[in-house]
>>> print(open('input10.txt').read())   # compact mmCIF, C-alpha atoms
# COMPACT_ATOMS: atom_id res chain seq x y z
CA MET G 269 57.84 134.26 57.69
CA PHE G 270 54.80 132.02 57.24
CA ARG G 271 53.06 133.80 60.11
CA LYS G 272 53.79 137.20 58.54
CA PHE G 273 52.48 136.01 55.19
CA GLU G 274 49.27 134.73 56.79
CA GLU G 275 48.80 138.04 58.59
CA LYS G 276 49.12 139.95 55.32
CA VAL G 277 46.64 137.69 53.54
CA HIS G 278 44.25 137.47 56.51
CA PRO G 279 45.02 140.46 58.75
CA ILE G 280 44.40 139.85 62.43
CA PRO G 281 42.55 142.67 64.17
CA LEU G 282 44.75 144.97 66.22
CA LYS G 283 42.98 144.26 69.50
CA GLU G 284 43.34 140.52 68.98
CA ARG G 285 47.07 140.87 68.35
CA VAL G 286 47.44 142.94 71.50
CA ASP G 287 45.62 140.21 73.41
CA GLN G 288 48.03 137.64 71.97
CA ALA G 289 50.97 139.75 73.09
CA LEU G 290 49.45 140.10 76.58
CA TYR G 291 48.93 136.35 76.81
CA ARG G 292 52.50 135.56 75.74
CA LEU G 293 53.93 138.18 78.09
CA GLY G 294 51.85 136.80 80.95
CA THR G 295 53.14 133.30 80.20
CA GLN G 296 56.76 134.47 80.35
CA LYS G 297 56.08 136.34 83.57
CA GLU G 298 54.80 133.10 85.12
CA LYS G 299 57.97 131.32 83.99
CA LEU G 300 60.04 133.99 85.70
CA GLU G 301 57.98 133.61 88.88
CA HIS G 302 58.60 129.87 88.81
CA MET G 303 62.33 130.42 88.29
CA SER G 304 62.40 132.89 91.21
CA SER G 305 60.84 130.25 93.48
CA ARG G 306 63.35 127.61 92.38
CA LEU G 307 66.28 129.96 92.94
CA GLN G 308 64.97 130.84 96.38
CA MET G 309 64.74 127.14 97.32
CA ARG G 310 68.25 126.51 96.00
CA ASP G 311 69.58 129.46 97.96
CA LYS G 312 67.91 128.16 101.12
CA GLU G 313 69.62 124.80 100.67
CA MET G 314 73.07 126.38 100.14
CA PHE G 315 72.51 128.77 103.04
CA GLN G 316 71.74 125.91 105.43
CA ARG G 317 74.84 124.05 104.26
CA CYS G 318 76.89 127.21 104.83
CA ILE G 319 75.59 127.54 108.40
CA GLY G 320 76.24 123.84 109.04
CA ALA G 321 79.81 124.13 107.79
CA GLN G 322 80.41 127.16 110.01
CA LEU G 323 79.08 125.34 113.07
CA SER G 324 81.44 122.49 112.24
CA LYS G 325 84.34 124.96 111.96
CA ASP G 326 84.76 123.91 108.31
CA ASN G 327 85.60 127.37 107.01
CA GLY G 328 86.60 126.11 103.56
CA HIS G 329 83.18 124.63 102.77
CA ALA G 330 81.42 127.53 104.50
CA ALA G 331 83.10 129.95 102.08
CA LEU G 332 82.27 127.67 99.14
CA TYR G 333 78.56 127.57 100.00
CA ALA G 334 78.50 131.33 100.70
CA ASN G 335 79.96 132.04 97.25
CA GLU G 336 77.36 129.78 95.64
CA CYS G 337 74.62 131.66 97.48
CA ALA G 338 76.01 134.93 96.14
CA GLU G 339 75.90 133.64 92.54
CA ILE G 340 72.34 132.33 93.01
CA ARG G 341 71.27 135.71 94.33
CA LYS G 342 72.70 137.51 91.31
CA MET G 343 70.52 135.32 89.07
CA ALA G 344 67.56 135.77 91.39
CA HIS G 345 67.88 139.55 91.27
CA ILE G 346 67.94 139.57 87.46
CA THR G 347 64.97 137.20 87.33
CA LEU G 348 62.95 139.17 89.87
CA SER G 349 63.62 142.58 88.31
CA SER G 350 62.72 141.17 84.85
CA GLU G 351 59.53 139.71 86.30
CA LEU G 352 58.59 143.12 87.74
CA ALA G 353 59.40 144.84 84.43
CA LEU G 354 57.12 142.45 82.52
CA GLU G 355 54.41 143.05 85.08
CA ARG G 356 54.67 146.77 84.33
CA VAL G 357 54.48 146.04 80.60
CA VAL G 358 51.37 143.89 80.98
CA LEU G 359 49.64 146.53 83.09
CA ARG G 360 50.58 149.26 80.60
CA LEU G 361 49.26 147.26 77.63
CA GLN G 362 46.04 146.49 79.45
CA THR G 363 45.53 150.15 80.28
CA ILE G 364 46.23 151.58 76.84
CA GLU G 365 44.22 148.80 75.22
CA GLU G 366 41.16 149.81 77.15
CA PHE G 367 41.57 153.56 77.61
CA GLY G 368 44.25 154.92 75.26
CA ASP G 369 45.66 155.06 71.76
CA ILE G 370 47.61 151.82 71.55
CA MET G 371 49.88 152.81 68.72
CA ALA G 372 50.70 156.20 70.17
CA GLN G 373 51.94 154.63 73.42
CA ILE G 374 53.37 151.31 72.31
CA ALA G 375 56.95 152.51 71.72
CA PRO G 376 57.91 152.54 75.44
CA VAL G 377 56.42 149.07 75.83
CA ILE G 378 58.57 147.79 72.99
CA GLY G 379 61.64 149.33 74.61
CA VAL G 380 60.99 147.62 77.96
CA VAL G 381 60.41 144.24 76.32
CA ARG G 382 63.61 144.61 74.27
CA GLU G 383 65.74 145.60 77.29
CA THR G 384 64.26 142.85 79.44
CA ARG G 385 64.98 140.29 76.74
CA GLY G 386 68.65 141.31 76.68
CA ARG G 387 68.90 141.15 80.46
CA ILE G 388 67.34 137.71 80.90
CA ALA G 389 69.09 136.04 77.93
CA GLY G 390 71.96 134.74 80.08
CA VAL G 391 69.65 133.34 82.77
CA ILE G 392 66.62 131.86 80.98
CA PRO G 393 67.30 131.71 77.22
CA GLU G 394 63.85 130.31 76.34
CA VAL G 395 62.13 133.28 77.97
CA ALA G 396 64.45 135.64 76.12
CA SER G 397 63.60 133.93 72.84
CA GLU G 398 59.86 134.27 73.47
CA LEU G 399 60.25 137.92 74.43
CA GLY G 400 62.12 138.45 71.16
CA GLU G 401 59.10 137.18 69.24
CA VAL G 402 56.72 139.34 71.26
CA ASN G 403 58.95 142.36 70.63
CA GLU G 404 58.89 141.59 66.93
CA MET G 405 55.10 141.32 67.01
CA LEU G 406 54.74 144.69 68.74
CA SER G 407 57.25 146.29 66.35
CA ASP G 408 55.31 144.98 63.34
CA MET G 409 52.13 146.53 64.71
CA SER G 410 53.92 149.84 65.15
CA LEU G 411 55.27 149.75 61.59
CA GLU G 412 51.92 148.84 60.07
CA THR G 413 50.23 151.86 61.63
CA GLY G 414 52.81 154.29 60.31
CA GLN G 415 54.74 154.89 63.52
CA VAL G 416 58.02 155.19 61.59
CA GLN G 417 57.76 158.85 60.66
CA ASP G 418 59.55 160.01 63.78
CA GLN G 419 61.37 156.75 64.44
CA ASP G 420 64.51 158.33 65.89
CA LEU G 421 62.53 160.42 68.36
CA ASP G 422 60.38 157.43 69.27
CA MET G 423 63.44 155.25 69.85
CA GLN G 424 65.01 157.85 72.12
CA ALA G 425 61.81 158.30 74.09
CA SER G 426 61.17 154.57 74.36
CA SER G 427 64.76 153.88 75.46
CA SER G 428 64.56 156.60 78.11
CA GLU G 429 61.28 155.32 79.50
CA ALA G 430 62.47 151.72 79.27
CA ARG G 431 65.55 152.56 81.35
CA LYS G 432 63.33 154.32 83.88
CA VAL G 433 61.05 151.30 84.19
CA LEU G 434 64.00 148.93 84.53
CA GLU G 435 65.68 151.14 87.16
CA GLU G 436 62.48 151.21 89.20
CA SER G 437 62.18 147.44 88.83
CA ASN G 438 65.76 147.06 90.05
CA VAL G 439 65.07 149.13 93.16
CA ILE G 440 61.95 147.15 94.02
CA ALA G 441 63.75 143.87 93.31
CA SER G 442 66.58 144.85 95.67
CA GLN G 443 64.08 145.56 98.44
CA GLN G 444 62.29 142.26 97.90
CA MET G 445 65.60 140.38 97.80
CA LYS G 446 66.33 141.58 101.34
CA GLU G 447 62.95 140.25 102.47
CA ARG G 448 63.19 136.90 100.69
CA PHE G 449 66.84 136.03 101.24
CA PRO G 450 68.55 136.04 104.66
CA GLU G 451 71.82 137.88 105.01
CA LEU G 452 74.82 135.72 104.26
CA PRO G 453 77.09 134.96 107.23
CA VAL G 454 80.57 136.40 107.08
CA PRO G 455 83.05 133.50 106.72
CA GLU G 456 85.54 133.34 109.54
CA PRO G 457 89.08 134.11 108.40
CA ARG G 458 91.07 130.98 107.88
CA GLN G 459 93.48 130.62 110.76
CA ALA G 460 97.09 130.28 109.83
CA THR G 461 98.69 127.01 110.68
CA PRO G 462 100.77 127.63 113.77
CA THR G 463 104.44 127.51 113.04
CA ALA G 464 106.22 124.84 114.94
CA VAL G 465 108.44 126.39 117.54
CA PRO G 466 111.91 124.93 117.23
CA ARG G 467 113.15 123.22 120.31
CA THR G 468 115.71 125.24 122.14
CA VAL G 469 119.11 123.75 121.75
CA GLU G 470 120.50 123.26 125.18
CA THR G 471 123.72 125.17 125.55
CA ARG G 472 126.00 123.97 128.30
CA ILE G 473 128.85 126.27 129.21
CA PRO G 474 131.71 124.67 131.10
CA ILE G 475 132.74 127.03 133.89
CA ALA G 476 135.74 126.80 136.20
CA ILE G 477 135.18 128.38 139.60
CA THR G 478 138.20 130.24 140.94
CA SER G 479 139.23 130.51 144.55
CA GLY G 480 137.79 134.03 144.66
CA GLY G 481 134.37 132.60 144.04
CA GLU G 482 134.58 130.73 147.33
CA GLU G 483 135.47 133.66 149.51
CA GLU G 484 134.03 136.92 148.10
CA LEU G 485 130.42 137.86 148.40
CA ALA G 486 128.52 138.68 145.21
CA GLU G 487 125.24 140.43 144.48
CA PRO G 488 122.17 138.25 145.22
CA LEU G 489 121.66 137.03 141.62
CA GLU G 490 125.36 136.41 141.07
CA ASP G 491 125.44 134.56 144.38
CA ARG G 492 122.52 132.33 143.39
CA LEU G 493 123.99 131.76 139.96
CA LEU G 494 127.33 130.82 141.48
CA GLY G 495 125.61 128.31 143.77
CA TYR G 496 123.69 126.90 140.78
CA ILE G 497 126.93 126.37 138.86
CA LYS G 498 128.51 124.60 141.81
CA SER G 499 125.51 122.31 142.25
CA HIS G 500 125.71 121.31 138.58
CA ASN G 501 129.35 120.30 138.59
CA GLY G 502 130.58 123.47 136.95
CA GLU G 503 128.12 123.46 134.05
CA LEU G 504 125.45 126.00 133.15
CA ASN G 505 122.41 125.02 131.06
CA LEU G 506 121.11 128.26 129.49
CA SER G 507 117.72 126.74 128.67
CA GLN G 508 117.11 125.44 132.20
CA ALA G 509 118.91 127.87 134.49
CA PRO G 510 116.61 130.87 133.78
CA LYS G 511 113.55 128.74 134.64
CA GLU G 512 115.02 127.35 137.81
CA LEU G 513 116.36 130.69 138.99
CA GLY G 514 113.29 132.62 137.89
CA VAL G 515 115.15 135.15 135.77
CA SER G 516 115.64 135.89 132.08
CA THR G 517 118.39 134.48 129.91
CA GLU G 518 119.76 137.99 129.49
CA ASP G 519 120.01 138.38 133.28
CA ILE G 520 121.96 135.11 133.41
CA ARG G 521 124.37 136.33 130.73
CA GLN G 522 124.90 139.65 132.49
CA SER G 523 125.53 137.89 135.79
CA LEU G 524 128.00 135.54 134.12
CA GLU G 525 129.87 138.50 132.69
CA LYS G 526 130.00 140.15 136.11
CA LEU G 527 131.23 136.96 137.79
CA LYS G 528 133.82 136.62 135.06
CA ASP G 529 134.92 140.24 135.43
CA ASP G 530 135.20 139.76 139.19
CA GLY G 531 137.44 136.77 138.60
CA LYS G 532 135.04 134.37 140.32
CA ILE G 533 134.58 132.14 137.27
CA VAL G 534 136.42 131.33 134.06
CA THR G 535 134.52 130.32 130.89
CA ASP G 536 135.84 128.74 127.72
>>> encode(input="input10.txt", output="structure tokens")
Amino acid sequence: MFRKFEEKVHPIPLKERVDQALYRLGTQKEKLEHMSSRLQMRDKEMFQRCIGAQLSKDNGHAALYANECAEIRKMAHITLSSELALERVVLRLQTIEEFGDIMAQIAPVIGVVRETRGRIAGVIPEVASELGEVNEMLSDMSLETGQVQDQDLDMQASSSEARKVLEESNVIASQQMKERFPELPVPEPRQATPTAVPRTVETRIPIAITSGGEEELAEPLEDRLLGYIKSHNGELNLSQAPKELGVSTEDIRQSLEKLKDDGKIVTD
């Protein structure tokens, strides 16, 4: 309020006020450049930690560092695109200051500054605050020169051009992000803890060999199985017999049934 009062009592020339706006915008652009460098260094640190964790097979920490890199890059993209937008604003002000009608072309500049301020507020609040003051300064200049007659049309035009500038800045920022930041490694899927295989309960089947089992010939597997039962004192271990005979448990059961049907063995 004091500044506005002073300007009314001792008006500052238009060109001087534009120079002040250019200086303040340039200062904020430098702050954004500095923040971009800091974010890039932080990302490099997290990226190296992510790679180290992956090499150590520590997938949990690798995912943690990768997520942090992703958040840093979101902030870096906002900062970089805002920096590029301010660069466009500075160049536009410099051009119209020297070659054009400042007041006739200042509305789009105000729109870009306003939109950039809203975008950067959550990343660098002090820059957003300064841009708010610059926006107010430019708006005051526009009001003082009578640029309020077609305010609605000016606002629509400035918003449209501001969005165009910001979209172009976003595209360029995305391209530069790919050049400045290496691609994040894809975290390896966390391997499931192997389920402990329960130990097979040994099942022993007591088998009585009949007289027919001594005299009649059986098929080869039944014959081997019958000899196995005899050598184990009339007992059959279903967890060991398949391994020793080189057959499946199902084959053993089928052979037992056949021996039983032939009357060569009797099971409980």
>>> closest_residue(input="input10.txt", among="G:Pro393, G:Ile533, G:Glu336, G:Leu411", to="Gly502 (chain G)", atoms="all atoms listed in the file")
G:Ile533
>>> atom_distance(input="input10.txt", atom1="CA of Ala441 (chain G)", atom2="CA of Leu348 (chain G)")
5.9 Å
>>> atom_distance(input="input10.txt", atom1="CA of Val357 (chain G)", atom2="CA of Glu339 (chain G)")
27.5 Å
>>> atom_distance(input="input10.txt", atom1="CA of Ile378 (chain G)", atom2="CA of Ser407 (chain G)")
6.9 Å
>>> closest_residue(input="input10.txt", among="G:Asn501, G:Ser350, G:Asn335, G:Gln362", to="Ala289 (chain G)", atoms="only C-alpha atoms")
G:Gln362
>>> closest_residue(input="input10.txt", among="G:Gln508, G:Ser428, G:Asn403, G:Ser437", to="Val286 (chain G)", atoms="only C-alpha atoms")
G:Asn403
>>> residues_around(input="input10.txt", residues="Met445 (chain G)", least_positions_apart="4", cutoff="10 Å", atoms="only C-alpha atoms", output="PDB file with C-alpha atoms, keeping the file's coordinate frame")
ATOM      1  CA  GLN G 308      64.970 130.840  96.380  1.00  0.00           C
ATOM      2  CA  ARG G 341      71.270 135.710  94.330  1.00  0.00           C
ATOM      3  CA  ALA G 344      67.560 135.770  91.390  1.00  0.00           C
ATOM      4  CA  HIS G 345      67.880 139.550  91.270  1.00  0.00           C
ATOM      5  CA  LEU G 348      62.950 139.170  89.870  1.00  0.00           C
ATOM      6  CA  SER G 349      63.620 142.580  88.310  1.00  0.00           C
ATOM      7  CA  VAL G 439      65.070 149.130  93.160  1.00  0.00           C
ATOM      8  CA  ILE G 440      61.950 147.150  94.020  1.00  0.00           C
ATOM      9  CA  ALA G 441      63.750 143.870  93.310  1.00  0.00           C
ATOM     10  CA  PHE G 449      66.840 136.030 101.240  1.00  0.00           C
ATOM     11  CA  PRO G 450      68.550 136.040 104.660  1.00  0.00           C
ATOM     12  CA  GLU G 451      71.820 137.880 105.010  1.00  0.00           C
TER      13      GLU G 451
END
>>> axis_aligned_box(input="input10.txt", around="region 378-390 of chain G", padding_each_side="5 Å", output="lines of an AutoDock Vina configuration file")
center_x = 65.3
center_y = 142.0
center_z = 76.9
size_x = 23.4
size_y = 24.6
size_z = 17.9
>>> residues_near_point(input="input10.txt", point="(119.5, 125.6, 135.8)", cutoff="12 Å", atoms="only C-alpha atoms", output="PyMOL selection string")
chain G and resi 470-473+492-517+520
>>> write_last_selection(input="input10.txt", atoms="C-alpha atoms", output="CSV table (one decimal), keeping the file's coordinate frame")
chain,number,residue,atom,x,y,z
G,470,GLU,CA,120.5,123.3,125.2
G,471,THR,CA,123.7,125.2,125.6
G,472,ARG,CA,126.0,124.0,128.3
G,473,ILE,CA,128.8,126.3,129.2
G,492,ARG,CA,122.5,132.3,143.4
G,493,LEU,CA,124.0,131.8,140.0
G,494,LEU,CA,127.3,130.8,141.5
G,495,GLY,CA,125.6,128.3,143.8
G,496,TYR,CA,123.7,126.9,140.8
G,497,ILE,CA,126.9,126.4,138.9
G,498,LYS,CA,128.5,124.6,141.8
G,499,SER,CA,125.5,122.3,142.2
G,500,HIS,CA,125.7,121.3,138.6
G,501,ASN,CA,129.4,120.3,138.6
G,502,GLY,CA,130.6,123.5,137.0
G,503,GLU,CA,128.1,123.5,134.0
G,504,LEU,CA,125.4,126.0,133.2
G,505,ASN,CA,122.4,125.0,131.1
G,506,LEU,CA,121.1,128.3,129.5
G,507,SER,CA,117.7,126.7,128.7
G,508,GLN,CA,117.1,125.4,132.2
G,509,ALA,CA,118.9,127.9,134.5
G,510,PRO,CA,116.6,130.9,133.8
G,511,LYS,CA,113.6,128.7,134.6
G,512,GLU,CA,115.0,127.4,137.8
G,513,LEU,CA,116.4,130.7,139.0
G,514,GLY,CA,113.3,132.6,137.9
G,515,VAL,CA,115.2,135.2,135.8
G,516,SER,CA,115.6,135.9,132.1
G,517,THR,CA,118.4,134.5,129.9
G,520,ILE,CA,122.0,135.1,133.4
>>> closest_residue(input="input10.txt", among="G:Val391, G:Phe315, G:Ala334, G:Ala353", to="Glu435 (chain G)", atoms="only C-alpha atoms")
G:Ala353
>>> closest_residue(input="input10.txt", among="G:Asp530, G:Glu313, G:Glu351, G:Glu383", to="Glu301 (chain G)", atoms="only C-alpha atoms")
G:Glu351
>>> closest_residue(input="input10.txt", among="G:Arg360, G:Glu365, G:Gly379, G:Pro453", to="Leu323 (chain G)", atoms="all atoms listed in the file")
G:Pro453
>>> build_atoms(input="input10.txt", residues="region 291-315 of chain G", atoms="N, CA and C atoms", output="short mmCIF file (atom, residue, chain, number, x, y, z; two decimals), in the frame of the given file")
data_model
loop_
_atom_site.label_atom_id
_atom_site.label_comp_id
_atom_site.auth_asym_id
_atom_site.auth_seq_id
_atom_site.Cartn_x
_atom_site.Cartn_y
_atom_site.Cartn_z
N TYR G 291 48.92 137.75 76.37
CA TYR G 291 48.93 136.35 76.81
C TYR G 291 50.37 135.80 76.84
N ARG G 292 51.13 136.08 75.80
CA ARG G 292 52.50 135.56 75.74
C ARG G 292 53.38 136.22 76.81
N LEU G 293 53.17 137.51 77.04
CA LEU G 293 53.93 138.18 78.09
C LEU G 293 53.57 137.63 79.48
N GLY G 294 52.28 137.37 79.67
CA GLY G 294 51.85 136.80 80.95
C GLY G 294 52.45 135.43 81.18
N THR G 295 52.55 134.64 80.09
CA THR G 295 53.14 133.30 80.20
C THR G 295 54.61 133.39 80.61
N GLN G 296 55.32 134.32 80.01
CA GLN G 296 56.76 134.47 80.35
C GLN G 296 56.94 135.00 81.77
N LYS G 297 56.02 135.84 82.19
CA LYS G 297 56.08 136.34 83.57
C LYS G 297 55.90 135.19 84.56
N GLU G 298 55.00 134.26 84.25
CA GLU G 298 54.80 133.10 85.12
C GLU G 298 56.05 132.22 85.16
N LYS G 299 56.72 132.09 84.02
CA LYS G 299 57.97 131.32 83.99
C LYS G 299 59.03 131.97 84.89
N LEU G 300 59.09 133.29 84.85
CA LEU G 300 60.04 133.99 85.70
C LEU G 300 59.69 133.82 87.18
N GLU G 301 58.41 133.83 87.50
CA GLU G 301 57.98 133.61 88.88
C GLU G 301 58.39 132.22 89.36
N HIS G 302 58.21 131.24 88.47
CA HIS G 302 58.60 129.87 88.81
C HIS G 302 60.11 129.78 89.01
N MET G 303 60.88 130.43 88.16
CA MET G 303 62.33 130.42 88.29
C MET G 303 62.75 131.11 89.59
N SER G 304 62.09 132.20 89.96
CA SER G 304 62.40 132.89 91.21
C SER G 304 62.20 131.97 92.41
N SER G 305 61.11 131.18 92.38
CA SER G 305 60.84 130.25 93.48
C SER G 305 61.91 129.17 93.55
N ARG G 306 62.32 128.64 92.39
CA ARG G 306 63.35 127.61 92.38
C ARG G 306 64.69 128.15 92.88
N LEU G 307 65.03 129.36 92.48
CA LEU G 307 66.28 129.96 92.94
C LEU G 307 66.25 130.21 94.45
N GLN G 308 65.08 130.60 94.95
CA GLN G 308 64.97 130.84 96.38
C GLN G 308 65.14 129.54 97.17
N MET G 309 64.58 128.44 96.66
CA MET G 309 64.74 127.14 97.32
C MET G 309 66.20 126.68 97.27
N ARG G 310 66.84 126.89 96.13
CA ARG G 310 68.25 126.51 96.00
C ARG G 310 69.12 127.32 96.94
N ASP G 311 68.82 128.61 97.05
CA ASP G 311 69.58 129.46 97.96
C ASP G 311 69.39 129.00 99.40
N LYS G 312 68.17 128.62 99.76
CA LYS G 312 67.91 128.16 101.12
C LYS G 312 68.73 126.92 101.45
N GLU G 313 68.84 126.01 100.47
CA GLU G 313 69.62 124.80 100.67
C GLU G 313 71.10 125.13 100.87
N MET G 314 71.66 126.00 100.01
CA MET G 314 73.07 126.38 100.14
C MET G 314 73.33 127.15 101.43
N PHE G 315 72.36 127.98 101.81
CA PHE G 315 72.51 128.77 103.04
C PHE G 315 72.59 127.86 104.26
#
